[in-house]
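Enquirer: Here it is, the structure in full.
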Amino acid sequence: MLSNELNAVVAQRIELAPGLLVLRVAPVGWELPAFKPGQFAVLGLPAETPRHPFADPDDEPPPKPGALIRRSYSIASSSVEREYLEFYLTLVRSGSLTPRLFALEVGDRVWLGPKLTGVFTFDQAPAAANLVMIATGTGLAPFMSQLRSELPGSRSRRIAVLHGARHSWDLGYRAELVTMQRLCPNLTYLATVSRPDQEPVPWGGETGYVQDLWTRRRLEAVWGCRPTAADTHIFLCGNPDMVDTMTEMLTAEGFREHSRSRPGEIHAEKFW
Ligand SMILES: Cc1cc2nc3c(=O)[nH]c(=O)nc-3n(C[C@H](O)[C@H](O)[C@H](O)COP(=O)(O)OP(=O)(O)OC[C@H]3O[C@@H](n4cnc5c(N)ncnc54)[C@H](O)[C@@H]3O)c2cc1C
């Protein structure tokens, strides 16, 4: 396979809301390798691929013909389902790759890096530890992969998903998570919106940033106890400001940042 060959095809595209896309990509003529929930793939498109009309016009110099623009994307699909990879994408209007990914139609070709990698995986937490997964926007993707790969009800530990977005319509996978919560008594799903004043139907749920759910002790109210470093591992994904704020708050509560040399209970993936 040539290194720049468009070796995959768009199998499905679901536009959840303006600027939010679920994209399924299937390999053409090769098999997806095994991967762990939390890992990411690299998608690429030639620079001459047209941009989505909602995006800003290109102000970059004309590209070298055939050069690929490549970016990393967390896998949202289950690791036991290897027909395609699902990605949850947000449109960065001024960006290089996302305006082109958003313009793709079913059947269009795309480059998919044959290596699926990353250390933001859930096997870093002991099997008995409770898991708290905190995401902004499309930072939910690796958590969907974990929940879809190993259904929460199959283990005795508690699992919580805390998701923050601007509007209720930007809370991707909400119906799936609500259903999982009904089926799995050990799963808690808490969602918050930061612009409730823009909701056409009044939003009766939580408001503010996702970190406010933690400071308001919303999970403690459901679990009946405060998660501590002794019993819980925390996974943070998405906006770097959220990751930094949460890491600071959790460190003050006795959680430690995880690294290969120094194991800890805080695991983080920043998207930019
Ligand atoms: C390990 C990893 C996993 C990732 N997984 C996902 C994912 O599942 N879904 C997803 O939508 N993105 C994900 N990203 C971000 C992705 O790699 C790209 O950075 C993003 O899609 C923007 O690419 P672009 O070429 O359109 O913008 P670029 O031309 O690269 O411009 C990016 C700039 O836009 C700004 N920006 C604003 N919002 C965002 C945002 N949401 N993401 C990135 N930059 C932003 C930042 O200032 C950034 O410097 C991931 C990044 C990493 C490192």
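Chains: A, B, ... in order of the structure tokens. Residues: from 1 per chain. Ligands: from 1, in order shown.
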Compute the set of protein, DNA and RNA residues whose minimum atom distance to ligand 1 is at most 7 Å, using only C-alpha atoms and all ligand atoms, and state it as a compact mmCIF listing (two decimals) with C-alpha atoms, in the first residue's frame.

Expert:
# COMPACT_ATOMS: atom_id res chain seq x y z
CA PHE A 40 -6.72 6.98 18.34
CA ARG A 71 -4.78 14.72 12.22
CA SER A 72 -5.38 12.34 15.14
CA TYR A 73 -8.89 11.22 16.13
CA SER A 74 -9.99 9.12 19.09
CA ILE A 75 -11.92 6.02 18.12
CA PHE A 87 -15.17 9.05 14.85
CA TYR A 88 -16.94 11.94 16.58
CA LEU A 89 -15.77 15.18 15.00
CA THR A 90 -16.19 18.85 15.65
CA LEU A 91 -15.78 21.38 12.84
CA VAL A 92 -12.98 23.87 13.42
CA SER A 94 -10.65 27.91 10.38
CA GLY A 95 -9.00 24.49 10.53
CA SER A 96 -7.15 22.61 7.81
CA LEU A 97 -8.59 19.09 7.97
CA THR A 98 -12.03 19.21 9.61
CA PRO A 99 -13.60 21.48 6.91
CA THR A 138 -16.11 15.37 21.12
CA GLY A 139 -13.84 14.36 24.02
CA ALA A 141 -15.33 9.63 21.80
CA GLU A 269 -6.00 13.34 26.75
CA LYS A 270 -5.90 16.91 25.44
CA PHE A 271 -7.28 17.44 21.93
CA TRP A 272 -5.20 20.55 21.22

Enquirer: Enumerate, as an mmCIF file with N, CA, C and O atoms, in the first residue's frame, the complete set of residues in segment 121-272 of chain A that a backbone-based DSSP assignment places in strand (DSSP E or B).

Expert:
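The resulting file, part-v3.cif, is shown below:
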data_model
loop_
_atom_site.group_PDB
_atom_site.id
_atom_site.type_symbol
_atom_site.label_atom_id
_atom_site.label_comp_id
_atom_site.auth_asym_id
_atom_site.auth_seq_id
_atom_site.Cartn_x
_atom_site.Cartn_y
_atom_site.Cartn_z
ATOM 1 N N ASN A 130 -13.418 2.263 40.569
ATOM 2 C CA ASN A 130 -14.509 2.973 39.890
ATOM 3 C C ASN A 130 -13.901 3.876 38.820
ATOM 4 O O ASN A 130 -12.758 4.326 38.976
ATOM 5 N N LEU A 131 -14.670 4.144 37.748
ATOM 6 C CA LEU A 131 -14.173 5.003 36.680
ATOM 7 C C LEU A 131 -15.069 6.236 36.542
ATOM 8 O O LEU A 131 -16.295 6.097 36.454
ATOM 9 N N VAL A 132 -14.444 7.399 36.535
ATOM 10 C CA VAL A 132 -15.180 8.626 36.226
ATOM 11 C C VAL A 132 -14.591 9.188 34.944
ATOM 12 O O VAL A 132 -13.392 9.453 34.863
ATOM 13 N N MET A 133 -15.447 9.341 33.928
ATOM 14 C CA MET A 133 -15.003 9.814 32.614
ATOM 15 C C MET A 133 -15.588 11.213 32.401
ATOM 16 O O MET A 133 -16.806 11.376 32.407
ATOM 17 N N ILE A 134 -14.709 12.179 32.218
ATOM 18 C CA ILE A 134 -15.161 13.571 32.114
ATOM 19 C C ILE A 134 -14.746 14.119 30.758
ATOM 20 O O ILE A 134 -13.568 14.101 30.407
ATOM 21 N N ALA A 135 -15.741 14.604 29.987
ATOM 22 C CA ALA A 135 -15.462 15.036 28.608
ATOM 23 C C ALA A 135 -16.115 16.368 28.294
ATOM 24 O O ALA A 135 -17.216 16.660 28.759
ATOM 25 N N THR A 136 -15.419 17.137 27.464
ATOM 26 C CA THR A 136 -16.065 18.275 26.799
ATOM 27 C C THR A 136 -16.249 17.882 25.334
ATOM 28 O O THR A 136 -15.357 17.274 24.735
ATOM 29 N N ILE A 159 -19.310 3.292 37.232
ATOM 30 C CA ILE A 159 -18.778 4.068 36.126
ATOM 31 C C ILE A 159 -19.650 5.321 35.967
ATOM 32 O O ILE A 159 -20.886 5.222 36.020
ATOM 33 N N ALA A 160 -19.006 6.466 35.808
ATOM 34 C CA ALA A 160 -19.764 7.701 35.581
ATOM 35 C C ALA A 160 -19.235 8.396 34.339
ATOM 36 O O ALA A 160 -18.028 8.420 34.100
ATOM 37 N N VAL A 161 -20.161 8.956 33.556
ATOM 38 C CA VAL A 161 -19.794 9.780 32.401
ATOM 39 C C VAL A 161 -20.333 11.178 32.664
ATOM 40 O O VAL A 161 -21.540 11.357 32.861
ATOM 41 N N LEU A 162 -19.453 12.153 32.708
ATOM 42 C CA LEU A 162 -19.839 13.556 32.887
ATOM 43 C C LEU A 162 -19.512 14.266 31.575
ATOM 44 O O LEU A 162 -18.340 14.280 31.148
ATOM 45 N N HIS A 163 -20.526 14.828 30.923
ATOM 46 C CA HIS A 163 -20.326 15.408 29.594
ATOM 47 C C HIS A 163 -20.813 16.848 29.563
ATOM 48 O O HIS A 163 -21.932 17.129 29.972
ATOM 49 N N GLY A 164 -19.979 17.729 29.048
ATOM 50 C CA GLY A 164 -20.353 19.134 28.917
ATOM 51 C C GLY A 164 -20.318 19.566 27.464
ATOM 52 O O GLY A 164 -19.430 19.178 26.702
ATOM 53 N N ALA A 165 -21.332 20.371 27.067
ATOM 54 C CA ALA A 165 -21.378 20.933 25.716
ATOM 55 C C ALA A 165 -22.064 22.292 25.816
ATOM 56 O O ALA A 165 -22.614 22.638 26.867
ATOM 57 N N LEU A 187 -23.997 2.434 35.973
ATOM 58 C CA LEU A 187 -23.574 3.559 35.130
ATOM 59 C C LEU A 187 -24.366 4.820 35.473
ATOM 60 O O LEU A 187 -25.595 4.793 35.561
ATOM 61 N N THR A 188 -23.638 5.907 35.660
ATOM 62 C CA THR A 188 -24.268 7.217 35.886
ATOM 63 C C THR A 188 -23.870 8.133 34.743
ATOM 64 O O THR A 188 -22.685 8.215 34.400
ATOM 65 N N TYR A 189 -24.847 8.810 34.152
ATOM 66 C CA TYR A 189 -24.579 9.754 33.063
ATOM 67 C C TYR A 189 -25.097 11.125 33.473
ATOM 68 O O TYR A 189 -26.286 11.284 33.773
ATOM 69 N N LEU A 190 -24.203 12.094 33.551
ATOM 70 C CA LEU A 190 -24.588 13.457 33.909
ATOM 71 C C LEU A 190 -24.161 14.395 32.785
ATOM 72 O O LEU A 190 -23.009 14.337 32.338
ATOM 73 N N ALA A 191 -25.092 15.222 32.321
ATOM 74 C CA ALA A 191 -24.782 16.136 31.213
ATOM 75 C C ALA A 191 -25.080 17.564 31.642
ATOM 76 O O ALA A 191 -25.993 17.821 32.430
ATOM 77 N N THR A 192 -24.294 18.485 31.084
ATOM 78 C CA THR A 192 -24.518 19.891 31.405
ATOM 79 C C THR A 192 -24.352 20.733 30.150
ATOM 80 O O THR A 192 -23.567 20.375 29.258
ATOM 81 N N VAL A 193 -25.093 21.847 30.064
ATOM 82 C CA VAL A 193 -24.938 22.763 28.926
ATOM 83 C C VAL A 193 -24.510 24.131 29.450
ATOM 84 O O VAL A 193 -24.966 24.581 30.497
ATOM 85 N N GLU A 206 -28.670 20.222 34.142
ATOM 86 C CA GLU A 206 -27.542 20.951 34.725
ATOM 87 C C GLU A 206 -27.052 22.022 33.752
ATOM 88 O O GLU A 206 -27.089 21.836 32.536
ATOM 89 N N THR A 207 -26.567 23.124 34.312
ATOM 90 C CA THR A 207 -26.000 24.187 33.478
ATOM 91 C C THR A 207 -24.581 24.511 33.967
ATOM 92 O O THR A 207 -24.230 24.248 35.110
ATOM 93 N N THR A 232 -11.156 5.318 43.042
ATOM 94 C CA THR A 232 -11.632 5.806 41.741
ATOM 95 C C THR A 232 -10.487 6.288 40.856
ATOM 96 O O THR A 232 -9.561 6.949 41.350
ATOM 97 N N HIS A 233 -10.554 5.981 39.567
ATOM 98 C CA HIS A 233 -9.657 6.567 38.569
ATOM 99 C C HIS A 233 -10.467 7.520 37.697
ATOM 100 O O HIS A 233 -11.612 7.228 37.347
ATOM 101 N N ILE A 234 -9.863 8.655 37.356
ATOM 102 C CA ILE A 234 -10.571 9.698 36.619
ATOM 103 C C ILE A 234 -9.924 9.863 35.248
ATOM 104 O O ILE A 234 -8.694 9.997 35.146
ATOM 105 N N PHE A 235 -10.757 9.854 34.201
ATOM 106 C CA PHE A 235 -10.282 10.037 32.825
ATOM 107 C C PHE A 235 -10.837 11.357 32.298
ATOM 108 O O PHE A 235 -12.050 11.588 32.357
ATOM 109 N N LEU A 236 -9.937 12.221 31.802
ATOM 110 C CA LEU A 236 -10.323 13.549 31.337
ATOM 111 C C LEU A 236 -9.999 13.650 29.853
ATOM 112 O O LEU A 236 -8.884 13.291 29.446
ATOM 113 N N CYS A 237 -10.938 14.175 29.047
ATOM 114 C CA CYS A 237 -10.662 14.222 27.612
ATOM 115 C C CYS A 237 -11.349 15.412 26.940
ATOM 116 O O CYS A 237 -12.528 15.673 27.182
ATOM 117 N N GLY A 238 -10.579 16.115 26.106
ATOM 118 C CA GLY A 238 -11.144 17.194 25.302
ATOM 119 C C GLY A 238 -10.379 18.491 25.449
ATOM 120 O O GLY A 238 -9.155 18.533 25.271
ATOM 121 N N GLU A 257 -1.540 12.608 39.094
ATOM 122 C CA GLU A 257 -1.495 12.466 37.628
ATOM 123 C C GLU A 257 -0.762 11.181 37.270
ATOM 124 O O GLU A 257 0.281 10.877 37.860
ATOM 125 N N ILE A 266 -5.234 10.025 37.793
ATOM 126 C CA ILE A 266 -5.765 10.982 36.803
ATOM 127 C C ILE A 266 -5.136 10.659 35.441
ATOM 128 O O ILE A 266 -3.916 10.665 35.297
ATOM 129 N N HIS A 267 -5.977 10.387 34.450
ATOM 130 C CA HIS A 267 -5.524 10.062 33.089
ATOM 131 C C HIS A 267 -6.101 11.133 32.167
ATOM 132 O O HIS A 267 -7.302 11.429 32.271
ATOM 133 N N ALA A 268 -5.281 11.704 31.302
ATOM 134 C CA ALA A 268 -5.776 12.839 30.515
ATOM 135 C C ALA A 268 -5.365 12.751 29.062
ATOM 136 O O ALA A 268 -4.281 12.280 28.725
ATOM 137 N N GLU A 269 -6.281 13.203 28.187
ATOM 138 C CA GLU A 269 -5.996 13.344 26.749
ATOM 139 C C GLU A 269 -6.480 14.728 26.333
ATOM 140 O O GLU A 269 -7.672 15.028 26.422
ATOM 141 N N LYS A 270 -5.523 15.567 25.919
ATOM 142 C CA LYS A 270 -5.895 16.905 25.445
ATOM 143 C C LYS A 270 -6.009 16.860 23.924
ATOM 144 O O LYS A 270 -5.132 16.319 23.267
#

Enquirer: Calculate how many Å separate atom CA of Lys64 of chain A from atom CA of Leu101 of chain A, rounding to one decimal.

Expert: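 Distance reported for this atom pair: 18.8 Å.
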
Enquirer: Between atom CA of Leu151 of chain A and atom CA of Glu83 of chain A, what distance in Å does the model show, to one decimal?

Expert: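 Computed distance, atom CA of Leu151 of chain A to atom CA of Glu83 of chain A, equals 19.0 Å.
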
Enquirer: Determine which residues of segment 106-175 of chain A receive a DSSP assignment of helix (DSSP H, G or I), computed from the backbone, and state them as a ChimeraX atom specification.

Expert: /A:122-124,137-149,152-154,168-170,174-175

Enquirer: Go ahead and write the selection's residues with N, CA, C and O atoms as a tab-separated table (two decimals), in the first residue's frame.

Expert:
chain	number	residue	atom	x	y	z
A	122	PHE	N	-8.03	2.31	29.21
A	122	PHE	CA	-8.71	2.09	30.49
A	122	PHE	C	-8.10	0.94	31.28
A	122	PHE	O	-8.41	0.77	32.45
A	123	ASP	N	-7.20	0.18	30.63
A	123	ASP	CA	-6.52	-0.88	31.38
A	123	ASP	C	-5.44	-0.30	32.30
A	123	ASP	O	-4.80	-1.02	33.05
A	124	GLN	N	-5.26	1.03	32.26
A	124	GLN	CA	-4.34	1.66	33.22
A	124	GLN	C	-4.96	1.74	34.61
A	124	GLN	O	-4.27	1.99	35.59
A	137	GLY	N	-17.40	18.22	24.76
A	137	GLY	CA	-17.65	18.04	23.34
A	137	GLY	C	-17.29	16.66	22.82
A	137	GLY	O	-17.70	15.63	23.37
A	138	THR	N	-16.47	16.64	21.75
A	138	THR	CA	-16.11	15.37	21.12
A	138	THR	C	-15.11	14.56	21.95
A	138	THR	O	-14.75	13.45	21.56
A	139	GLY	N	-14.67	15.11	23.07
A	139	GLY	CA	-13.84	14.36	24.02
A	139	GLY	C	-14.57	13.13	24.56
A	139	GLY	O	-13.97	12.29	25.25
A	140	LEU	N	-15.84	13.01	24.23
A	140	LEU	CA	-16.62	11.84	24.65
A	140	LEU	C	-16.21	10.58	23.87
A	140	LEU	O	-16.47	9.45	24.33
A	141	ALA	N	-15.59	10.77	22.70
A	141	ALA	CA	-15.33	9.63	21.80
A	141	ALA	C	-14.65	8.43	22.48
A	141	ALA	O	-15.15	7.30	22.39
A	142	PRO	N	-13.52	8.61	23.17
A	142	PRO	CA	-12.87	7.42	23.75
A	142	PRO	C	-13.72	6.73	24.81
A	142	PRO	O	-13.61	5.52	25.01
A	143	PHE	N	-14.58	7.51	25.46
A	143	PHE	CA	-15.44	6.93	26.49
A	143	PHE	C	-16.54	6.09	25.85
A	143	PHE	O	-16.92	5.03	26.38
A	144	MET	N	-17.05	6.52	24.68
A	144	MET	CA	-18.03	5.70	23.97
A	144	MET	C	-17.40	4.37	23.56
A	144	MET	O	-18.02	3.31	23.67
A	145	SER	N	-16.14	4.43	23.13
A	145	SER	CA	-15.46	3.18	22.73
A	145	SER	C	-15.36	2.23	23.92
A	145	SER	O	-15.64	1.03	23.80
A	146	GLN	N	-14.99	2.76	25.07
A	146	GLN	CA	-14.86	1.92	26.26
A	146	GLN	C	-16.22	1.32	26.67
A	146	GLN	O	-16.33	0.12	26.91
A	147	LEU	N	-17.26	2.16	26.71
A	147	LEU	CA	-18.58	1.68	27.15
A	147	LEU	C	-19.16	0.67	26.16
A	147	LEU	O	-19.81	-0.30	26.55
A	148	ARG	N	-18.91	0.90	24.87
A	148	ARG	CA	-19.44	0.00	23.85
A	148	ARG	C	-18.65	-1.31	23.80
A	148	ARG	O	-19.18	-2.33	23.36
A	149	SER	N	-17.39	-1.28	24.23
A	149	SER	CA	-16.55	-2.49	24.17
A	149	SER	C	-16.82	-3.40	25.36
A	149	SER	O	-16.79	-4.62	25.24
A	152	PRO	N	-21.10	-1.60	30.69
A	152	PRO	CA	-20.92	-1.32	32.10
A	152	PRO	C	-21.52	-2.38	33.02
A	152	PRO	O	-20.90	-2.77	33.99
A	153	GLY	N	-22.70	-2.89	32.71
A	153	GLY	CA	-23.38	-3.82	33.62
A	153	GLY	C	-22.60	-5.09	33.89
A	153	GLY	O	-22.89	-5.83	34.84
A	154	SER	N	-21.55	-5.37	33.07
A	154	SER	CA	-20.84	-6.63	33.21
A	154	SER	C	-19.84	-6.63	34.35
A	154	SER	O	-19.21	-7.63	34.64
A	168	SER	N	-27.93	21.67	24.34
A	168	SER	CA	-28.41	20.29	24.51
A	168	SER	C	-28.25	19.51	23.20
A	168	SER	O	-27.98	18.31	23.22
A	169	TRP	N	-28.40	20.21	22.05
A	169	TRP	CA	-28.30	19.49	20.76
A	169	TRP	C	-26.85	19.12	20.43
A	169	TRP	O	-26.61	18.38	19.49
A	170	ASP	N	-25.91	19.65	21.19
A	170	ASP	CA	-24.50	19.27	21.00
A	170	ASP	C	-24.08	18.11	21.91
A	170	ASP	O	-22.91	17.73	21.92
A	174	ARG	N	-26.32	11.17	23.44
A	174	ARG	CA	-27.12	11.30	24.66
A	174	ARG	C	-28.13	10.16	24.79
A	174	ARG	O	-28.27	9.55	25.85
A	175	ALA	N	-28.83	9.86	23.67
A	175	ALA	CA	-29.85	8.81	23.74
A	175	ALA	C	-29.22	7.47	24.08
A	175	ALA	O	-29.75	6.69	24.89

Enquirer: How many Å separate atom CA of Pro18 of chain A from atom CA of Pro50 of chain A?

Expert: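 Spanning atom CA of Pro18 of chain A to atom CA of Pro50 of chain A is a straight-line distance of 18.1 Å.
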
Enquirer: I want to know what sits within 12 Å of Thr251 of chain A, based on only C-alpha atoms, with residues of the same chain fewer than 5 positions away left out; could you give that as a count of residues only?

Expert: 14

Enquirer: Pick from A:Leu45, A:Ala67, A:Leu177, A:Leu32: nearest to Lys115 of chain A, with only C-alpha atoms counted?

Expert: A:Leu32

Enquirer: Which residues are close to segment 104-113 of chain A, i.e. within 12 Å by only C-alpha atoms, leaving aside same-chain residues fewer than 3 positions away? Reply as JSON, numbers by chain.

Expert: {"A": [1, 2, 3, 4, 5, 6, 7, 8, 9, 10, 11, 12, 13, 14, 15, 21, 22, 23, 24, 25, 26, 27, 28, 30, 31, 32, 33, 40, 41, 42, 43, 44, 45, 46, 47, 49, 50, 51, 52, 53, 66, 67, 68, 69, 70, 71, 72, 73, 75, 84, 85, 86, 87, 97, 98, 99, 100, 101, 116, 117]}

Enquirer: Which residue is closest to Thr215 of chain A? Choose from A:Ala127, A:Ala230, A:Leu250, A:Phe35 and count only C-alpha atoms.

Expert: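 Of the candidates, the smallest distance to Thr215 of chain A is held by A:Leu250.
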
Enquirer: Pick the closest to Pro200 of chain A from A:His167, A:Arg155, A:Ala129, A:Gly38: which is it, counting only C-alpha atoms?

Expert: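 Smallest separation from Pro200 of chain A among the options: A:His167.
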
Enquirer: Kindly indicate which residue among A:Arg158, A:Val178, A:Asn186, A:Lys36 lies nearest to Arg82 of chain A, using only C-alpha atoms for the distances.

Expert: A:Lys36
